[in-house]
Structure formats: structure tokens, C-alpha cells
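Encoded as C-alpha cells, the structure appears first; notes follow it.
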Amino acid sequence: MICFDLFLGFLRVGLFAFGGAYGAIPLIRDVVLAYGWLSDEMLAAMIAVSESTPGPIMVNLATYIGNSQAGLPGAALATLAVILPSFVIILLIMIALKTLLKNPYVQAVLRGVKPCVTGVVLATGIYMILNNCFGLKGGFSPDWRSIVLSAVLGAVMFGSKAVLKKKTSPIVLIMVSAVLGVMAYGI
Amino acid sequence: MNTLADLFVTFAKIGTFTFGGGYAMISLIENNCVEQKNWITHDEMMNVAVIAESTPGPIAINAATYVGYKMGGLAGAVAATLGIVMPSFLIIFALSSWLDQFLGITWVASAFRGVRMAVGILILDAAVTMIRKMQKKPLPRAIMLCSCAAMMLINLFSWRFSSISLMLIAGAVSLSVFWIKAAPAQKGGADQ
């Protein structure tokens, strides 16, 4: 039964994951919170692990969550489910529907879906930052260390782009945040 | 080497050496499949990137399936896709049992509390990049802002309303606007 849930849950993620890895994160968050597979905190930790290990983030998360819920069969099913839609859609486009994406109605739908994904990702990012800093879940409780940490990391990420004209790589930001985390919250 | 084995090994190599996924993979796929193996042309690679933009799922899977199918039919598509997934699957699988214990250590837990802040910033940065690439027109902007506001409310009040429903609504709105705009023109044409 859990395997069935994993398969269906990640099939939904794979089917609607427009907008690359970060477009999929709100979807994965929906699924794992609905089934109670991971907490927000654990999901954030796993996103960081996925960024720091090779391969597509969606595949990494599917493998981890599948394994944590149902061992090897769970991992295999969740991973299969998350890649199946894109595999089938590309085959369909190559074999039968070469002009599918040029169809004006398909284009019109996509023109609506893409900005929606952008909005959903924006809301997820803002919510996660606010939740980290002010503990939105379970009452308003500002945490000064988290606020300072988020401000510093935000300044590094967005400041480096403005000042050095070079983007900080996600892995560098994650490593900096880990060091700051140890300094702020203790050993 | 057998084509299927070659597809599997090449994509497994690509899967092992790309961190963070997404567009980092495109350059590695380009390097391997266009420059070294001559499996596809540069134009085809651009085409794959365009298709990936408009289809769901990891871009690496899209590219592997495309190249695999072109070189070896259905079996080729399966070999290439398995190849690109296998390394991350094995690495995460090996890490996961060990990871839970690792996260139990106090200083590691502290480090990951810091990492949580970084993940928030990374998601915000991804959104900013997506907004920059968005068409600068009223309808996409309105859809983006409404979706963002709706998702914010869903998160704050823990409503059971999935982001997939938001995407379906946005697609339907965009399609309706397209129909309404197209309808008068067609009618006018038919009357005359």
C-alpha cells in the first residue's frame, strides 16, 4: 500500500514538474507533507543533500523518500514514477506527436502553466525563509540567529551577483551555511 | 562497443559527474553526445533544451530519452535513461541509511539548521531567475502574482489545495483568454 502511494505521489510530481528542479520542489513538498513522509525541516536538509550529490534533484529526493518509507522497493518505485512521465512524453513527441508543442492550444496552456510555476516557487521560497526566521508553524516566534543567518546568506547570494557579476554556486552557499550553522547553534 | 552498452555507460558517466542537476547537465551532455560521440548535432541539442522547457520532469531525463531513442530505438531510450538515473540512485540509496544517524549528531544538526536557511535562499534565487526569463506581458505577470498569493495563503493556513490544481487553473485561464481573443477574428472572417 505504501509502495502504491509512493508510486502515485511521485508520478504526480513527475507529470507536473515544469520549470526544472526547483519547479518540482513545491510539488514534492505538497506530496511529502500530505502523506507525512517528511517534515519541512527534513525536506530542506534533503534538498541540500541532493544539491551536493550528483544527479537530478528530483531523482535524488524520490530515491531518498522511497527508501525511507519502504526500503529498496520503495526507492525503485518512487524513482521510476518520477522519471516515467518525462520518458513517455519525450517518446510520444519523437514518435507520434512531432508538432504537439507547436500546437497553438498547447502553447496557450503552457503560457499559463509556466508563470504559475514561477509564482508557486516564489511563494515557497518566501514561505520557507519566513518560517525559518519567525516560526510561522506553531505560533509567531522570531529567532534572531536564523534572521541574521538568512540575511547574511541572502546578501552573499544576491550580493555576489550584483558586485562580482558572478553567481555563488549552490554548493558553496550550502557549505558556508553549514559553517555558519555550527557557529550559531553550537557543537 | 555495443550501442546500448555505450549509451548506458556514457549517460552513467554524465549522471555521476553533474552536481545540482538541471542546466549543469546540458553542457556535459553537449560535450559527450555532440562533440565526442557525434550522436546528435548541436541544433538537435538546442531542440532538446527547448522541448525540455515545455515538458515536465528533469531535463537530463528528457535529453537521455531523446538521444537514446534516436540511437537505439526504445531499447536505446531505456538504456540511456537508466544510465543517467543509476548513479544518483545508488549514491542516495547508499547514503540514506547512514544519513539519518549522521543527522543525529549535535554539531551536524546545527550545521543543517544553517543549511535550511541556505535552501530558502536557493529557492528564492531560482524564483528570481524564473521571473527574469518570464515574458514581460500583463497576463503572465498577473498569473504569476495570483499563483504566488494563492500559494502563500495555502502554506500559511495549511489548506489542502495542491499546487497542481493551481497549475491546472492557470492553464485553463490562459487557454480561455486565447480562445476569447481568437474567437472574434474567426467570426468576422466567417461573416464576410
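Residues are referred to by chain and number: the chain letter is A, B, ... according to the order shown in the C-alpha cells, the number counts from 1 in that chain, and ligands are numbered separately from 1 in the order shown.
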
Task: Shell of 9 Å around B:Ala172, only C-alpha atoms, local chain residues under 5 positions omitted, as a PyMOL selection string - done: (chain A and resi 108-109+112-113) or (chain B and resi 167+177)

Open item on the list: I'd like to know which residues of stretch 27-158 of chain B are alpha helix (DSSP H) (by DSSP, run on the backbone); could you write them as a ChimeraX atom specification?
Closed with: /B:27-29,42-54,59-103,106-133,138-156

Selection from above, C-alpha atoms, as a short mmCIF file (atom, residue, chain, number, x, y, z; two decimals), in the first residue's frame, can you write it?
data_model
loop_
_atom_site.label_atom_id
_atom_site.label_comp_id
_atom_site.auth_asym_id
_atom_site.auth_seq_id
_atom_site.Cartn_x
_atom_site.Cartn_y
_atom_site.Cartn_z
CA SER B 27 26.79 21.30 -21.07
CA LEU B 28 28.07 17.84 -20.11
CA ILE B 29 25.55 16.14 -22.40
CA HIS B 42 24.28 20.99 -31.85
CA ASP B 43 20.95 22.07 -33.35
CA GLU B 44 19.26 18.91 -32.10
CA MET B 45 20.70 19.60 -28.64
CA MET B 46 19.18 23.09 -28.72
CA ASN B 47 15.92 21.49 -29.79
CA VAL B 48 16.06 19.11 -26.82
CA ALA B 49 16.58 22.07 -24.48
CA VAL B 50 13.52 23.80 -25.96
CA ILE B 51 11.40 20.64 -25.63
CA ALA B 52 12.61 20.21 -22.04
CA GLU B 53 11.43 23.75 -21.24
CA SER B 54 7.89 22.82 -22.24
CA ILE B 59 15.87 17.99 -18.24
CA ALA B 60 18.54 15.27 -18.01
CA ILE B 61 15.88 12.57 -18.42
CA ASN B 62 14.42 14.38 -21.44
CA ALA B 63 17.84 14.57 -23.09
CA ALA B 64 18.77 10.96 -22.30
CA THR B 65 15.48 9.65 -23.66
CA TYR B 66 15.84 11.74 -26.82
CA VAL B 67 19.41 10.70 -27.60
CA GLY B 68 18.77 7.07 -26.59
CA TYR B 69 15.71 6.75 -28.82
CA LYS B 70 17.49 8.32 -31.78
CA MET B 71 20.49 5.96 -31.49
CA GLY B 72 18.82 2.73 -30.42
CA GLY B 73 15.04 2.95 -30.54
CA LEU B 74 13.01 2.06 -27.47
CA ALA B 75 15.80 -0.14 -26.01
CA GLY B 76 18.24 2.73 -26.51
CA ALA B 77 15.92 5.17 -24.73
CA VAL B 78 15.66 2.79 -21.77
CA ALA B 79 19.43 2.18 -21.67
CA ALA B 80 20.31 5.90 -21.73
CA THR B 81 17.65 6.85 -19.17
CA LEU B 82 18.67 4.02 -16.81
CA GLY B 83 22.27 5.13 -17.26
CA ILE B 84 21.63 8.71 -16.19
CA VAL B 85 19.49 7.71 -13.19
CA MET B 86 21.61 4.83 -11.87
CA PRO B 87 24.49 6.80 -10.28
CA SER B 88 22.30 9.18 -8.25
CA PHE B 89 20.03 6.31 -7.28
CA LEU B 90 22.92 4.22 -5.96
CA ILE B 91 24.63 7.14 -4.21
CA ILE B 92 21.48 8.34 -2.42
CA PHE B 93 20.49 4.76 -1.60
CA ALA B 94 23.88 4.12 -0.02
CA LEU B 95 23.81 7.45 1.83
CA SER B 96 20.28 7.32 3.20
CA SER B 97 20.56 4.75 5.95
CA TRP B 98 23.76 6.36 7.13
CA LEU B 99 22.36 9.89 6.79
CA ASP B 100 19.70 9.52 9.49
CA GLN B 101 22.35 8.56 12.07
CA PHE B 102 24.63 11.34 10.82
CA LEU B 103 21.87 13.94 11.32
CA THR B 106 24.62 17.57 17.59
CA TRP B 107 27.08 19.61 15.52
CA VAL B 108 25.74 18.10 12.29
CA ALA B 109 22.23 19.05 13.35
CA SER B 110 23.47 22.61 13.96
CA ALA B 111 25.11 22.68 10.53
CA PHE B 112 21.88 21.53 8.91
CA ARG B 113 19.90 24.22 10.76
CA GLY B 114 22.17 26.68 8.95
CA VAL B 115 21.74 24.77 5.68
CA ARG B 116 17.97 25.17 5.98
CA MET B 117 18.41 28.95 5.66
CA ALA B 118 20.54 28.42 2.54
CA VAL B 119 17.86 26.24 0.94
CA GLY B 120 15.27 29.01 1.44
CA ILE B 121 17.63 31.47 -0.27
CA LEU B 122 18.32 28.99 -3.12
CA ILE B 123 14.61 28.54 -3.81
CA LEU B 124 14.10 32.32 -3.77
CA ASP B 125 17.02 32.69 -6.18
CA ALA B 126 15.52 30.07 -8.52
CA ALA B 127 12.24 32.03 -8.49
CA VAL B 128 14.06 35.31 -9.28
CA THR B 129 15.79 33.63 -12.25
CA MET B 130 12.43 32.29 -13.48
CA ILE B 131 10.83 35.74 -13.17
CA ARG B 132 13.65 37.26 -15.23
CA LYS B 133 13.04 34.69 -18.00
CA PRO B 138 0.34 41.57 -18.33
CA LEU B 139 -1.24 38.07 -18.41
CA PRO B 140 1.82 36.02 -17.33
CA ARG B 141 2.57 38.64 -14.68
CA ALA B 142 -0.98 38.51 -13.34
CA ILE B 143 -0.95 34.69 -13.28
CA MET B 144 2.43 34.71 -11.53
CA LEU B 145 1.27 37.15 -8.83
CA CYS B 146 -2.08 35.40 -8.26
CA SER B 147 -0.40 31.98 -8.03
CA CYS B 148 2.18 33.34 -5.62
CA ALA B 149 -0.51 34.90 -3.40
CA ALA B 150 -2.66 31.76 -3.52
CA MET B 151 0.30 29.51 -2.67
CA MET B 152 1.28 31.80 0.20
CA LEU B 153 -2.24 31.50 1.68
CA ILE B 154 -2.24 27.72 1.14
CA ASN B 155 1.05 27.47 3.05
CA LEU B 156 0.08 29.85 5.85
#

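Between atom CA of A:Leu27 and atom CA of A:Val120 the interatomic distance comes to 9.3 Å.
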